file protein_4.tsv (TSV, C-alpha atoms and all ligand atoms)
chain	number	residue	atom	x	y	z
A	1	MET	CA	-13.25	31.53	-9.76
A	2	ILE	CA	-14.12	32.51	-6.16
A	3	ALA	CA	-13.48	29.77	-3.61
A	4	SER	CA	-16.36	28.93	-1.28
A	5	VAL	CA	-13.84	28.53	1.55
A	6	GLU	CA	-10.27	29.74	1.92
A	7	PRO	CA	-8.12	26.86	3.15
A	8	THR	CA	-5.22	27.08	5.57
A	9	VAL	CA	-2.26	25.15	4.21
A	10	GLU	CA	0.32	23.91	6.72
A	11	PRO	CA	2.96	21.21	6.96
A	12	ALA	CA	1.30	18.03	8.19
A	13	VAL	CA	2.04	16.64	11.65
A	14	ALA	CA	1.62	13.10	12.98
A	15	ALA	CA	-1.99	13.76	14.02
A	16	ASP	CA	-2.86	14.57	10.39
A	17	LEU	CA	-1.74	11.20	9.04
A	18	GLY	CA	-4.99	9.34	9.75
A	19	PRO	CA	-7.22	11.91	8.02
A	20	ILE	CA	-4.74	12.27	5.14
A	21	ALA	CA	-4.59	8.49	4.63
A	22	ALA	CA	-8.41	8.34	4.62
A	23	LEU	CA	-8.61	11.18	2.08
A	24	ALA	CA	-5.86	9.58	0.01
A	25	ALA	CA	-7.71	6.24	-0.10
A	26	ARG	CA	-10.88	8.01	-1.26
A	27	THR	CA	-9.25	10.20	-3.88
A	28	PHE	CA	-6.47	8.10	-5.42
A	29	PRO	CA	-9.01	6.04	-7.43
A	30	LEU	CA	-10.26	9.31	-8.99
A	31	ALA	CA	-6.84	9.83	-10.58
A	32	CYS	CA	-6.78	6.34	-12.11
A	33	PRO	CA	-8.01	5.35	-15.56
A	34	PRO	CA	-11.40	3.58	-15.59
A	35	ASP	CA	-9.93	0.32	-16.90
A	36	LEU	CA	-7.36	-0.05	-14.11
A	37	PRO	CA	-8.28	-3.12	-12.00
A	38	ARG	CA	-9.51	-2.28	-8.50
A	39	ASP	CA	-7.02	-4.81	-7.04
A	40	SER	CA	-4.13	-2.80	-8.49
A	41	ILE	CA	-5.52	0.44	-7.09
A	42	ASP	CA	-5.98	-1.15	-3.66
A	43	ALA	CA	-2.44	-2.55	-3.74
A	44	PHE	CA	-1.06	0.93	-4.46
A	45	ILE	CA	-3.12	2.47	-1.65
A	46	ALA	CA	-1.98	-0.18	0.83
A	47	ARG	CA	1.65	0.21	-0.12
A	48	HIS	CA	2.00	3.98	-0.56
A	49	LEU	CA	-0.93	5.73	1.11
A	50	SER	CA	-1.26	4.08	4.55
A	51	THR	CA	-0.52	6.17	7.64
A	52	GLY	CA	2.76	4.28	7.98
A	53	ALA	CA	3.81	4.95	4.40
A	54	LEU	CA	2.80	8.61	4.64
A	55	SER	CA	4.64	9.06	7.96
A	56	VAL	CA	7.93	8.48	6.15
A	57	HIS	CA	7.45	11.82	4.38
A	58	LEU	CA	7.37	13.66	7.72
A	59	VAL	CA	10.97	12.66	8.41
A	60	THR	CA	12.50	12.47	4.92
A	61	PRO	CA	14.66	15.48	4.00
A	62	GLY	CA	13.33	17.23	0.89
A	63	HIS	CA	9.83	15.83	1.36
A	64	GLU	CA	6.99	18.08	2.54
A	65	LEU	CA	3.50	16.77	3.27
A	66	LEU	CA	0.94	19.58	3.38
A	67	ALA	CA	-2.54	19.58	4.90
A	68	ALA	CA	-5.15	22.07	3.68
A	69	ARG	CA	-8.01	22.69	6.08
A	70	THR	CA	-11.24	24.63	5.89
A	71	PRO	CA	-11.81	27.37	8.50
A	72	GLY	CA	-13.74	24.74	10.48
A	73	GLY	CA	-10.61	22.61	10.66
A	74	ARG	CA	-11.69	19.82	8.32
A	75	LEU	CA	-9.12	18.39	5.94
A	76	ALA	CA	-10.04	19.55	2.42
A	77	ALA	CA	-6.91	18.57	0.50
A	78	TYR	CA	-3.39	17.31	0.87
A	79	ALA	CA	-0.24	17.64	-1.16
A	80	LEU	CA	3.19	16.04	-1.14
A	81	LEU	CA	6.18	17.97	-2.44
A	82	VAL	CA	9.50	16.30	-3.23
A	83	ASP	CA	12.55	18.41	-3.99
A	84	GLY	CA	14.31	17.97	-7.32
A	85	ILE	CA	13.65	15.02	-9.60
A	86	GLU	CA	13.77	12.34	-6.87
A	87	MET	CA	10.07	11.68	-7.55
A	88	ASP	CA	11.09	10.05	-10.83
A	89	PRO	CA	14.71	10.47	-11.96
A	90	ALA	CA	13.73	9.07	-15.38
A	91	CYS	CA	11.95	12.39	-16.01
A	92	ALA	CA	15.08	14.49	-15.42
A	93	ASP	CA	15.61	15.32	-19.10
A	94	GLN	CA	12.03	16.58	-19.49
A	95	ILE	CA	12.27	19.11	-16.67
A	96	LEU	CA	13.86	22.22	-18.09
A	97	HIS	CA	14.41	24.39	-15.00
A	98	ARG	CA	16.45	23.97	-11.83
A	99	PRO	CA	16.08	24.04	-8.95
A	100	THR	CA	12.73	22.31	-9.29
A	101	VAL	CA	10.21	20.75	-6.91
A	102	GLY	CA	8.01	17.80	-7.79
A	103	ILE	CA	4.33	17.81	-6.81
A	104	SER	CA	4.11	14.12	-6.01
A	105	LYS	CA	0.49	14.36	-4.89
A	106	LEU	CA	-2.27	16.97	-4.98
A	107	TYR	CA	-5.62	15.59	-3.95
A	108	VAL	CA	-8.74	17.55	-3.09
A	109	ASP	CA	-11.77	16.13	-1.26
A	110	PRO	CA	-14.45	15.55	-3.94
A	111	GLY	CA	-16.82	17.73	-1.90
A	112	HIS	CA	-14.56	20.66	-2.76
A	113	HIS	CA	-13.94	19.91	-6.43
A	114	GLY	CA	-14.81	22.86	-8.62
A	115	SER	CA	-14.76	25.23	-5.62
A	116	GLY	CA	-11.41	26.84	-6.37
A	117	ILE	CA	-9.71	25.25	-3.34
A	118	ALA	CA	-7.36	23.30	-5.60
A	119	ALA	CA	-6.10	26.54	-7.13
A	120	LEU	CA	-5.63	28.11	-3.69
A	121	VAL	CA	-3.65	25.11	-2.48
A	122	LEU	CA	-1.54	25.30	-5.63
A	123	ASP	CA	-1.02	29.04	-5.04
A	124	ASP	CA	0.34	28.18	-1.60
A	125	VAL	CA	2.64	25.55	-3.08
A	126	VAL	CA	3.91	28.09	-5.62
A	127	ARG	CA	4.64	30.69	-2.91
A	128	ARG	CA	6.24	28.09	-0.67
A	129	CYS	CA	8.54	26.72	-3.38
A	130	ALA	CA	9.37	30.06	-5.04
A	131	GLY	CA	10.16	31.40	-1.57
A	132	ARG	CA	12.88	28.84	-1.14
A	133	GLY	CA	14.38	29.42	-4.56
A	134	ALA	CA	12.66	26.88	-6.82
A	135	ARG	CA	12.46	27.92	-10.47
A	136	SER	CA	9.85	25.37	-11.45
A	137	LEU	CA	7.27	22.87	-10.28
A	138	TRP	CA	6.73	19.59	-12.08
A	139	LEU	CA	4.31	16.70	-11.84
A	140	ALA	CA	2.89	13.76	-13.72
A	141	THR	CA	-0.71	12.69	-14.04
A	142	ASN	CA	-2.45	9.87	-15.87
A	143	VAL	CA	-3.11	10.56	-19.52
A	144	ALA	CA	-6.81	9.76	-18.93
A	145	ASN	CA	-7.16	12.10	-15.92
A	146	THR	CA	-8.90	14.77	-17.97
A	147	ARG	CA	-10.03	16.83	-15.01
A	148	ALA	CA	-6.54	17.13	-13.52
A	149	ARG	CA	-5.00	17.79	-16.94
A	150	ARG	CA	-7.42	20.66	-17.60
A	151	PHE	CA	-6.73	22.03	-14.13
A	152	TYR	CA	-2.95	21.93	-14.58
A	153	ALA	CA	-3.11	23.42	-18.07
A	154	ARG	CA	-5.25	26.28	-16.75
A	155	GLN	CA	-2.75	26.77	-13.93
A	156	GLY	CA	0.10	27.38	-16.37
A	157	PHE	CA	1.71	23.94	-16.54
A	158	ALA	CA	3.19	22.97	-19.91
A	159	GLU	CA	3.32	19.40	-21.18
A	160	ARG	CA	6.87	18.10	-21.35
A	161	GLY	CA	6.38	14.47	-22.36
A	162	THR	CA	5.28	11.20	-20.81
A	163	ARG	CA	6.47	8.64	-18.30
A	164	THR	CA	5.50	5.13	-17.27
A	165	PHE	CA	4.03	4.76	-13.78
A	166	ASP	CA	3.37	1.47	-12.00
A	167	VAL	CA	0.12	1.10	-10.08
A	168	GLY	CA	-0.13	-2.26	-8.33
A	169	GLY	CA	1.82	-4.07	-11.05
A	170	VAL	CA	0.09	-2.38	-14.01
A	171	SER	CA	2.03	0.07	-16.18
A	172	ASN	CA	0.25	3.36	-16.85
A	173	THR	CA	1.12	6.32	-19.04
A	174	ASP	CA	1.36	9.67	-17.29
A	175	VAL	CA	1.75	13.09	-18.90
A	176	VAL	CA	4.66	15.07	-17.44
A	177	TYR	CA	4.07	18.79	-16.79
A	178	GLU	CA	6.29	21.65	-15.69
A	179	ARG	CA	5.41	25.19	-14.62
A	180	GLU	CA	8.16	27.76	-14.55
A	181	LEU	CA	8.00	29.90	-11.42
A	182	GLY	CA	8.24	33.63	-11.66
A	183	GLY	CA	5.81	33.78	-14.58
A	184	ARG	CA	2.06	34.16	-14.13
A	185	ALA	CA	-0.45	31.41	-14.72
A	186	PRO	CA	-2.81	32.18	-17.61
A	187	GLY	CA	-5.85	34.23	-16.55
A	188	GLN	CA	-4.15	35.63	-13.43
A	189	ASP	CA	-3.47	39.16	-14.66
B	201	LIG	C1	-7.18	17.54	-9.93
B	201	LIG	C2	-7.88	18.36	-8.89
B	201	LIG	C3	-6.90	18.75	-7.77
B	201	LIG	C4	-8.42	19.63	-9.56
B	201	LIG	O1	-9.24	20.34	-8.66
B	201	LIG	P1	-10.71	20.78	-9.14
B	201	LIG	O2	-11.35	21.51	-8.02
B	201	LIG	O3	-11.42	19.59	-9.63
B	201	LIG	O4	-10.32	21.75	-10.32
B	201	LIG	P2	-11.23	22.74	-11.15
B	201	LIG	O5	-12.68	22.40	-10.96
B	201	LIG	O6	-10.78	24.11	-10.80
B	201	LIG	O7	-10.75	22.43	-12.64
B	201	LIG	C5	-10.98	21.16	-13.23
B	201	LIG	C6	-11.14	21.26	-14.71
B	201	LIG	O8	-11.67	20.02	-15.18
B	201	LIG	C7	-12.98	20.23	-15.70
B	201	LIG	N1	-13.78	19.11	-15.27
B	201	LIG	C8	-14.62	19.04	-14.22
B	201	LIG	N2	-15.13	17.81	-14.14
B	201	LIG	C9	-14.62	17.11	-15.15
B	201	LIG	C10	-14.77	15.78	-15.59
B	201	LIG	N3	-15.55	14.92	-14.96
B	201	LIG	N4	-14.06	15.40	-16.68
B	201	LIG	C11	-13.26	16.25	-17.33
B	201	LIG	N5	-13.07	17.51	-16.95
B	201	LIG	C12	-13.75	17.93	-15.87
B	201	LIG	C13	-13.43	21.55	-15.13
B	201	LIG	O9	-14.42	22.14	-15.98
B	201	LIG	C14	-12.13	22.32	-15.14
B	201	LIG	O10	-11.71	22.68	-16.44
B	201	LIG	P3	-11.91	24.16	-17.04
B	201	LIG	O11	-11.28	25.10	-16.07
B	201	LIG	O12	-11.18	24.11	-18.34
B	201	LIG	O13	-13.38	24.36	-17.16
B	201	LIG	C15	-9.09	17.59	-8.25
B	201	LIG	O14	-10.06	17.35	-9.26
B	201	LIG	C16	-8.69	16.30	-7.61
B	201	LIG	O15	-8.23	16.28	-6.47
B	201	LIG	N6	-8.93	15.20	-8.36
B	201	LIG	C17	-8.73	13.86	-7.84
B	201	LIG	C18	-7.27	13.55	-7.62
B	201	LIG	C19	-6.38	13.89	-8.78
B	201	LIG	O16	-6.63	13.54	-9.91
B	201	LIG	N7	-5.30	14.56	-8.41
B	201	LIG	C20	-4.26	14.89	-9.35
B	201	LIG	C21	-3.31	13.74	-9.42
B	201	LIG	S1	-1.81	14.24	-10.15

call {"tool": "encode", "arguments": {"input": "protein_4.tsv", "output": "structure tokens"}}
result
Amino acid sequence: MIASVEPTVEPAVAADLGPIAALAARTFPLACPPDLPRDSIDAFIARHLSTGALSVHLVTPGHELLAARTPGGRLAAYALLVDGIEMDPACADQILHRPTVGISKLYVDPGHHGSGIAALVLDDVVRRCAGRGARSLWLATNVANTRARRFYARQGFAERGTRTFDVGGVSNTDVVYERELGGRAPGQD
């Protein structure tokens, strides 16, 4: 797929937190199952996706908040990387390769869905993490998030199992994925 715009992906700075929080509030509901109560979604956004909550990642060792911008400078996507299995230590046994990096968040502005930007941001994440010695990436996404699951499968992630994830007091089932680095994603030859 050819992307309509090639994003620039850079570590976020304090000035990015407002736009990232706004994008996060708009896109987190898209990753949730349709039956999840809106109050639970809002509670999660307030607790984890406010500018204050996101600012913690700028100063936490092993955490990397990334901002992807279009050539015009508009925020098109953001990602949060967390070294190792800190993202959810309960998943440690499912992740086969070390060192690994968790993709805690990967959210693309809906205006850019289907454009190929998500794959380009992921390519940057792969280069970034492989460049510092990671042997795999891992993540978890809701079992009902069909769009993300198709995207990750196409990008070479393999299902490893499931985990339970709390959103505003409601337990959800996520599918855990891992992609070994060094190999090619399907369709990239
Ligand atoms: C997940 C995400 C990053 C993927 O980016 P994208 O630009 O949508 O990805 P693509 O369009 O390249 O691929 C999506 C796949 O889902 C399919 N798809 C598109 N709309 C869909 C829908 N409504 N339901 C199910 N599948 C859908 C596409 O056809 C494609 O599959 P294919 O390659 O097998 O044809 C993006 O959709 C997003 O930010 N979603 C909201 C937040 C989210 O869920 N983030 C992940 C949390 S872990």

call {"tool": "residues_near_ligand", "arguments": {"input": "protein_4.tsv", "ligand": "ligand LIG 201 (chain B)", "cutoff": "6 Å", "atoms": "all atoms listed in the file", "output": "PDB file with C-alpha atoms, in the frame of the given file"}}
result
ATOM      1  CA  THR A  27      -9.250  10.200  -3.880  1.00  0.00           C
ATOM      2  CA  PHE A  28      -6.470   8.100  -5.420  1.00  0.00           C
ATOM      3  CA  LEU A  30     -10.260   9.310  -8.990  1.00  0.00           C
ATOM      4  CA  ALA A  31      -6.840   9.830 -10.580  1.00  0.00           C
ATOM      5  CA  LYS A 105       0.490  14.360  -4.890  1.00  0.00           C
ATOM      6  CA  LEU A 106      -2.270  16.970  -4.980  1.00  0.00           C
ATOM      7  CA  TYR A 107      -5.620  15.590  -3.950  1.00  0.00           C
ATOM      8  CA  VAL A 108      -8.740  17.550  -3.090  1.00  0.00           C
ATOM      9  CA  HIS A 113     -13.940  19.910  -6.430  1.00  0.00           C
ATOM     10  CA  GLY A 114     -14.810  22.860  -8.620  1.00  0.00           C
ATOM     11  CA  SER A 115     -14.760  25.230  -5.620  1.00  0.00           C
ATOM     12  CA  GLY A 116     -11.410  26.840  -6.370  1.00  0.00           C
ATOM     13  CA  ALA A 118      -7.360  23.300  -5.600  1.00  0.00           C
ATOM     14  CA  ALA A 140       2.890  13.760 -13.720  1.00  0.00           C
ATOM     15  CA  THR A 141      -0.710  12.690 -14.040  1.00  0.00           C
ATOM     16  CA  THR A 146      -8.900  14.770 -17.970  1.00  0.00           C
ATOM     17  CA  ARG A 147     -10.030  16.830 -15.010  1.00  0.00           C
ATOM     18  CA  ALA A 148      -6.540  17.130 -13.520  1.00  0.00           C
ATOM     19  CA  ARG A 150      -7.420  20.660 -17.600  1.00  0.00           C
ATOM     20  CA  PHE A 151      -6.730  22.030 -14.130  1.00  0.00           C
TER      21      PHE A 151
END

call {"tool": "atom_distance", "arguments": {"input": "protein_4.tsv", "atom1": "atom CA of A:Leu58", "atom2": "atom CA of A:Leu17"}}
result
9.5 Å

call {"tool": "closest_residue", "arguments": {"input": "protein_4.tsv", "among": "A:Val143, A:Ile20, A:Ala134, A:Val176", "to": "A:Arg98", "atoms": "all atoms listed in the file"}}
result
A:Ala134

call {"tool": "closest_residue", "arguments": {"input": "protein_4.tsv", "among": "A:Val5, A:Val167, A:Leu139, A:Ala153", "to": "A:Ser104", "atoms": "only C-alpha atoms"}}
result
A:Leu139

call {"tool": "residues_around", "arguments": {"input": "protein_4.tsv", "residues": "A:Asp83", "least_positions_apart": "6", "cutoff": "8 Å", "atoms": "all atoms listed in the file", "output": "MDAnalysis selection string"}}
result
chainID A and resid 62:63 100:102

call {"tool": "residues_near_point", "arguments": {"input": "protein_4.tsv", "point": "(-11.7, 10.4, 0.7)", "cutoff": "10 Å", "atoms": "only C-alpha atoms", "output": "MDAnalysis selection string"}}
result
chainID A and resid 19:30 75:77 107:111

call {"tool": "closest_residue", "arguments": {"input": "protein_4.tsv", "among": "A:Pro89, A:His112, A:Val126, A:Leu181", "to": "A:Arg163", "atoms": "only C-alpha atoms"}}
result
A:Pro89

call {"tool": "atom_distance", "arguments": {"input": "protein_4.tsv", "atom1": "atom CA of A:Arg69", "atom2": "atom CA of A:Arg128"}}
result
16.7 Å

call {"tool": "residues_near_point", "arguments": {"input": "protein_4.tsv", "point": "(1.7, 6.0, -18.8)", "cutoff": "6 Å", "atoms": "only C-alpha atoms", "output": "PyMOL selection string"}}
result
chain A and resi 163-165+172-174

call {"tool": "axis_aligned_box", "arguments": {"input": "protein_4.tsv", "around": "stretch 19-31 of chain A", "padding_each_side": "3 Å", "output": "AutoDock Vina command-line options"}}
result
--center_x -7.7 --center_y 9.2 --center_z -1.3 --size_x 12.3 --size_y 12.2 --size_z 24.6

call {"tool": "atom_distance", "arguments": {"input": "protein_4.tsv", "atom1": "atom CA of A:Arg135", "atom2": "atom CA of A:Pro7"}}
result
24.7 Å

call {"tool": "closest_residue", "arguments": {"input": "protein_4.tsv", "among": "A:Asn142, A:Gly72, A:Val82, A:Ser50", "to": "A:Ser171", "atoms": "only C-alpha atoms"}}
result
A:Asn142

call {"tool": "closest_residue", "arguments": {"input": "protein_4.tsv", "among": "A:Gly133, A:Gly168, A:Gly156, A:Pro61", "to": "A:Ala119", "atoms": "only C-alpha atoms"}}
result
A:Gly156

call {"tool": "closest_residue", "arguments": {"input": "protein_4.tsv", "among": "A:Glu180, A:Gly169, A:His57, A:Pro11", "to": "A:Phe157", "atoms": "all atoms listed in the file"}}
result
A:Glu180

call {"tool": "decode", "arguments": {"input": "protein_4.tsv", "residues": "stretch 118-131 of chain A", "atoms": "all heavy atoms", "output": "PDB file, in the first residue's frame"}}
result
ATOM      1  N   ALA A 118      -0.100   3.898   9.387  1.00  0.00           N
ATOM      2  CA  ALA A 118       0.117   2.995  10.525  1.00  0.00           C
ATOM      3  C   ALA A 118       1.314   2.087  10.267  1.00  0.00           C
ATOM      4  O   ALA A 118       2.157   1.875  11.156  1.00  0.00           O
ATOM      5  CB  ALA A 118      -1.142   2.163  10.787  1.00  0.00           C
ATOM      6  N   ALA A 119       1.412   1.567   9.045  1.00  0.00           N
ATOM      7  CA  ALA A 119       2.530   0.674   8.720  1.00  0.00           C
ATOM      8  C   ALA A 119       3.852   1.432   8.744  1.00  0.00           C
ATOM      9  O   ALA A 119       4.875   0.894   9.183  1.00  0.00           O
ATOM     10  CB  ALA A 119       2.301   0.042   7.349  1.00  0.00           C
ATOM     11  N   LEU A 120       3.837   2.689   8.287  1.00  0.00           N
ATOM     12  CA  LEU A 120       5.073   3.475   8.291  1.00  0.00           C
ATOM     13  C   LEU A 120       5.505   3.807   9.716  1.00  0.00           C
ATOM     14  O   LEU A 120       6.704   3.800  10.035  1.00  0.00           O
ATOM     15  CB  LEU A 120       4.886   4.751   7.464  1.00  0.00           C
ATOM     16  CG  LEU A 120       4.720   4.505   5.962  1.00  0.00           C
ATOM     17  CD1 LEU A 120       4.326   5.790   5.243  1.00  0.00           C
ATOM     18  CD2 LEU A 120       6.004   3.937   5.362  1.00  0.00           C
ATOM     19  N   VAL A 121       4.552   4.087  10.578  1.00  0.00           N
ATOM     20  CA  VAL A 121       4.900   4.335  11.980  1.00  0.00           C
ATOM     21  C   VAL A 121       5.465   3.058  12.602  1.00  0.00           C
ATOM     22  O   VAL A 121       6.485   3.084  13.307  1.00  0.00           O
ATOM     23  CB  VAL A 121       3.672   4.840  12.776  1.00  0.00           C
ATOM     24  CG1 VAL A 121       3.995   4.948  14.261  1.00  0.00           C
ATOM     25  CG2 VAL A 121       3.196   6.184  12.227  1.00  0.00           C
ATOM     26  N   LEU A 122       4.823   1.933  12.284  1.00  0.00           N
ATOM     27  CA  LEU A 122       5.338   0.666  12.815  1.00  0.00           C
ATOM     28  C   LEU A 122       6.742   0.363  12.270  1.00  0.00           C
ATOM     29  O   LEU A 122       7.605  -0.128  12.997  1.00  0.00           O
ATOM     30  CB  LEU A 122       4.366  -0.473  12.491  1.00  0.00           C
ATOM     31  CG  LEU A 122       4.733  -1.834  13.073  1.00  0.00           C
ATOM     32  CD1 LEU A 122       4.802  -1.782  14.607  1.00  0.00           C
ATOM     33  CD2 LEU A 122       3.731  -2.889  12.634  1.00  0.00           C
ATOM     34  N   ASP A 123       6.969   0.673  10.980  1.00  0.00           N
ATOM     35  CA  ASP A 123       8.317   0.494  10.427  1.00  0.00           C
ATOM     36  C   ASP A 123       9.342   1.286  11.234  1.00  0.00           C
ATOM     37  O   ASP A 123      10.450   0.810  11.496  1.00  0.00           O
ATOM     38  CB  ASP A 123       8.375   0.994   8.970  1.00  0.00           C
ATOM     39  CG  ASP A 123       7.665   0.071   7.992  1.00  0.00           C
ATOM     40  OD1 ASP A 123       7.325  -1.067   8.380  1.00  0.00           O
ATOM     41  OD2 ASP A 123       7.447   0.503   6.849  1.00  0.00           O
ATOM     42  N   ASP A 124       8.978   2.507  11.596  1.00  0.00           N
ATOM     43  CA  ASP A 124       9.891   3.334  12.391  1.00  0.00           C
ATOM     44  C   ASP A 124      10.144   2.701  13.753  1.00  0.00           C
ATOM     45  O   ASP A 124      11.282   2.665  14.240  1.00  0.00           O
ATOM     46  CB  ASP A 124       9.303   4.742  12.554  1.00  0.00           C
ATOM     47  CG  ASP A 124      10.236   5.650  13.330  1.00  0.00           C
ATOM     48  OD1 ASP A 124      10.254   5.572  14.570  1.00  0.00           O
ATOM     49  OD2 ASP A 124      10.986   6.422  12.691  1.00  0.00           O
ATOM     50  N   VAL A 125       9.084   2.200  14.364  1.00  0.00           N
ATOM     51  CA  VAL A 125       9.217   1.539  15.668  1.00  0.00           C
ATOM     52  C   VAL A 125      10.152   0.325  15.556  1.00  0.00           C
ATOM     53  O   VAL A 125      11.022   0.101  16.403  1.00  0.00           O
ATOM     54  CB  VAL A 125       7.832   1.124  16.212  1.00  0.00           C
ATOM     55  CG1 VAL A 125       7.953   0.182  17.398  1.00  0.00           C
ATOM     56  CG2 VAL A 125       7.031   2.365  16.586  1.00  0.00           C
ATOM     57  N   VAL A 126       9.978  -0.444  14.475  1.00  0.00           N
ATOM     58  CA  VAL A 126      10.830  -1.619  14.263  1.00  0.00           C
ATOM     59  C   VAL A 126      12.296  -1.200  14.155  1.00  0.00           C
ATOM     60  O   VAL A 126      13.177  -1.759  14.824  1.00  0.00           O
ATOM     61  CB  VAL A 126      10.387  -2.400  13.003  1.00  0.00           C
ATOM     62  CG1 VAL A 126      11.436  -3.415  12.587  1.00  0.00           C
ATOM     63  CG2 VAL A 126       9.047  -3.081  13.254  1.00  0.00           C
ATOM     64  N   ARG A 127      12.568  -0.197  13.315  1.00  0.00           N
ATOM     65  CA  ARG A 127      13.963   0.275  13.137  1.00  0.00           C
ATOM     66  C   ARG A 127      14.530   0.779  14.452  1.00  0.00           C
ATOM     67  O   ARG A 127      15.657   0.479  14.831  1.00  0.00           O
ATOM     68  CB  ARG A 127      14.004   1.409  12.111  1.00  0.00           C
ATOM     69  CG  ARG A 127      13.978   0.955  10.662  1.00  0.00           C
ATOM     70  CD  ARG A 127      14.375   2.092   9.726  1.00  0.00           C
ATOM     71  NE  ARG A 127      13.477   3.238   9.804  1.00  0.00           N
ATOM     72  CZ  ARG A 127      12.329   3.318   9.126  1.00  0.00           C
ATOM     73  NH1 ARG A 127      11.951   2.336   8.335  1.00  0.00           N
ATOM     74  NH2 ARG A 127      11.564   4.381   9.231  1.00  0.00           N
ATOM     75  N   ARG A 128      13.735   1.571  15.154  1.00  0.00           N
ATOM     76  CA  ARG A 128      14.151   2.165  16.416  1.00  0.00           C
ATOM     77  C   ARG A 128      14.524   1.071  17.437  1.00  0.00           C
ATOM     78  O   ARG A 128      15.563   1.131  18.086  1.00  0.00           O
ATOM     79  CB  ARG A 128      12.943   2.957  16.934  1.00  0.00           C
ATOM     80  CG  ARG A 128      13.179   4.067  17.868  1.00  0.00           C
ATOM     81  CD  ARG A 128      11.847   4.807  18.043  1.00  0.00           C
ATOM     82  NE  ARG A 128      11.634   5.796  17.012  1.00  0.00           N
ATOM     83  CZ  ARG A 128      12.138   7.026  17.037  1.00  0.00           C
ATOM     84  NH1 ARG A 128      12.841   7.425  18.073  1.00  0.00           N
ATOM     85  NH2 ARG A 128      11.923   7.863  16.046  1.00  0.00           N
ATOM     86  N   CYS A 129      13.660   0.077  17.553  1.00  0.00           N
ATOM     87  CA  CYS A 129      13.858  -0.953  18.586  1.00  0.00           C
ATOM     88  C   CYS A 129      14.944  -1.945  18.168  1.00  0.00           C
ATOM     89  O   CYS A 129      15.785  -2.326  18.988  1.00  0.00           O
ATOM     90  CB  CYS A 129      12.542  -1.663  18.880  1.00  0.00           C
ATOM     91  SG  CYS A 129      11.327  -0.548  19.617  1.00  0.00           S
ATOM     92  N   ALA A 130      14.947  -2.345  16.889  1.00  0.00           N
ATOM     93  CA  ALA A 130      15.997  -3.251  16.421  1.00  0.00           C
ATOM     94  C   ALA A 130      17.351  -2.563  16.555  1.00  0.00           C
ATOM     95  O   ALA A 130      18.355  -3.191  16.928  1.00  0.00           O
ATOM     96  CB  ALA A 130      15.746  -3.657  14.974  1.00  0.00           C
ATOM     97  N   GLY A 131      17.380  -1.260  16.308  1.00  0.00           N
ATOM     98  CA  GLY A 131      18.622  -0.502  16.376  1.00  0.00           C
ATOM     99  C   GLY A 131      19.216  -0.461  17.757  1.00  0.00           C
ATOM    100  O   GLY A 131      20.410  -0.241  17.927  1.00  0.00           O
TER     101      GLY A 131
END
